[in-house]
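Written below as structure tokens is the structure these notes are about.
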Amino acid sequence: GLFVWRLRNTGIRQTPYRFAHLYHIANDRLITFQYFNFLKRMYVTQYNKDLSQRAKPKSDSIVSPFYELQQLDREKKVVHKISPISPVHQSWSETSSRNELREMKSAAETEDSVIPVGAESKEDRQWKEMKLRLDDLPGVLARLSKIKLTALVVSTASAGFAMAPVPFEFTCFLLASLGTGLASCAANSINQFFEVPFDSNMNRTKNRPLVRGQISPLLAVCFAACCGVPGIALLTLGVNPLTGALGAFNIFLYTCCYTPLKRMSIANTWVGAVVGAIPPIMGWTAATGSLDAGALLLGGILYSWQFPHFNALSWGLREDYSRGGYCMMSVTHPELCRRVALRHCLALIGLSTVAPVLDITTWTFPIISLPINLYISYLGFRFYRDADRSSSRKLFFCSLWHLPMLLLVMFTCKKSVLEKEDKGDLPGRSCERAMEIRLP
């Protein structure tokens, strides 16, 4: 009984030491220290109920077996080379002096080699001012405006102009092409101006002029304004107001909607497809002055073509896009990326079949275009099934020649203007024929 009574008293006395609450006032604030031996942590609580935590260093009396190894790692390691056994006639003093001389020479050589390398790396790390020469300015502006993409935009607008069922006017064609090209240069320049911090993190875009500092942001904005304002004015005054309105809307859609959406949602791909579908519509409206079903069909073909083209391209650039902070289907929704690409490959077959129904081409167009549409659909299926870089690369390179081939076949199968005139289906000619009928 006395033994049990003794244990209870000692347990009750030791409990406050293990779970002790020491109160004192510091800076007129009541602070509570709660110390737990088994947790080795110190908790500090104030009136505002904020909890901060810091680790208490352990006071180990016994040296840890890893303590000596840690001390050896912190110290500088010196490795001495063991010299071979010297012959009998050489004394110990001679061999030791030779070893010391070798060590001194090697140390001197290492010091001489390390110092200049460090100096060179320090010089390389410093920022250097890049001076722009007038000879390099055209190339820099061409890369700022994405001249290859601009050429593709102009070519699709030219295809829309050529497919329009009206007589070809060379002057209107030149004005429409020039205005569309200037509008595309302005949109691409503004896009690069907004994406400098993100392009610097991607291998594909880190050599752009604004990222490398080859051109100032002010000069880039001035170049975009000098391209955009004359381009829209040329389309509005030289061609027709409808084409100018489409060009201005496309610049707004590309710079203010598509560019910020690339870092917010995968919906940017669909918005970008609309941007790419507008240039052939602009070519059609430049020739006819009206927005017809044929213009919407050309826009639909360009809209569907961009999904296998861009999705296959982005599949091989997933690391770059994730590093740059872009929200792409290939990064966040890889299965959806492959499924959408296959879906729009098959949509190209259906859109090619609709062309003769709308009386834009003859019925030979869906037949002649069927092999190339089936081939890109096959590659889209391979990309959907395999989901590797090889299949995406094949689909991307196929899309590069598929679009010009499809537009060329479509142009060769276009219904002639004479047939349209005989039927009276030319836009703008129905009113003339009505006036001729009314006249006596």
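Each chain in the structure tokens gets a letter, A, B and so on, in the order shown; residues start at 1 in every chain, and ligands are counted from 1 in the order they appear.
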Which of range 255-410 of chain A fall in helix (DSSP H, G or I), as a PyMOL selection string: chain A and resi 255-261+268-288+293-315+318-324+329-332+334-357+364-368+370-386+389-410
Contacts of Gly300 in chain A at 7 Å (only C-alpha atoms; same-chain gap of 4+ positions) as JSON, numbers by chain: {"A": [277, 296, 304]}
May I have the selected residues written with all heavy atoms, as a PDB file, in the first residue's frame?
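Everything below was put into result.pdb:
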```pdb
ATOM      1  N   ALA A 277     -10.325  30.693 -89.005  1.00  0.00           N
ATOM      2  CA  ALA A 277     -11.387  30.476 -89.983  1.00  0.00           C
ATOM      3  C   ALA A 277     -11.886  31.770 -90.614  1.00  0.00           C
ATOM      4  O   ALA A 277     -12.555  31.732 -91.651  1.00  0.00           O
ATOM      5  CB  ALA A 277     -12.571  29.752 -89.320  1.00  0.00           C
ATOM      6  N   LEU A 296     -19.167  30.624 -95.299  1.00  0.00           N
ATOM      7  CA  LEU A 296     -19.233  29.840 -94.055  1.00  0.00           C
ATOM      8  C   LEU A 296     -18.664  28.439 -94.257  1.00  0.00           C
ATOM      9  O   LEU A 296     -18.057  27.872 -93.342  1.00  0.00           O
ATOM     10  CB  LEU A 296     -20.677  29.764 -93.576  1.00  0.00           C
ATOM     11  CG  LEU A 296     -21.321  31.109 -93.219  1.00  0.00           C
ATOM     12  CD1 LEU A 296     -22.764  30.900 -92.777  1.00  0.00           C
ATOM     13  CD2 LEU A 296     -20.530  31.823 -92.144  1.00  0.00           C
ATOM     14  N   SER A 304     -12.106  23.259 -88.988  1.00  0.00           N
ATOM     15  CA  SER A 304     -11.863  21.850 -88.666  1.00  0.00           C
ATOM     16  C   SER A 304     -10.419  21.451 -88.928  1.00  0.00           C
ATOM     17  O   SER A 304      -9.862  20.607 -88.213  1.00  0.00           O
ATOM     18  CB  SER A 304     -12.801  20.957 -89.482  1.00  0.00           C
ATOM     19  OG  SER A 304     -14.137  21.142 -89.090  1.00  0.00           O
TER      20      SER A 304
END
```
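As for CA of Trp401 in chain A and CA of Asn373 in chain A, they are spaced 11.6 Å apart.
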Could you build a table of the residues in range 237-320 of chain A lying no more than 7 Å from range 177-189 of chain A, giving for each the nearest pair of atoms and their separation in Å rounded to one decimal place, using only C-alpha atoms, ordered by chain and ascending residue number, as a tab-separated table?
```
residue	atom	partner	partner_atom	distance
A:Gly247	CA	A:Ala183	CA	6.6
A:Ile251	CA	A:Ala187	CA	5.3
A:Tyr254	CA	A:Ala187	CA	6.6
A:Thr255	CA	A:Ala187	CA	6.2
```
For CA of Asn201 in chain A and CA of Asp320 in chain A, the interatomic separation in Å (one decimal):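 Between CA of Asn201 in chain A and CA of Asp320 in chain A the gap is 7.6 Å.
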Residue contacts of range 233-238 of chain A (12 Å, only C-alpha atoms) excluding same-chain residues fewer than 4 positions away, as JSON, numbers by chain: {"A": [171, 172, 173, 174, 175, 176, 177, 178, 179, 180, 181, 182, 183, 225, 226, 227, 228, 229, 242, 243, 244, 245, 246, 247, 248, 282, 283, 285, 286, 287, 289]}
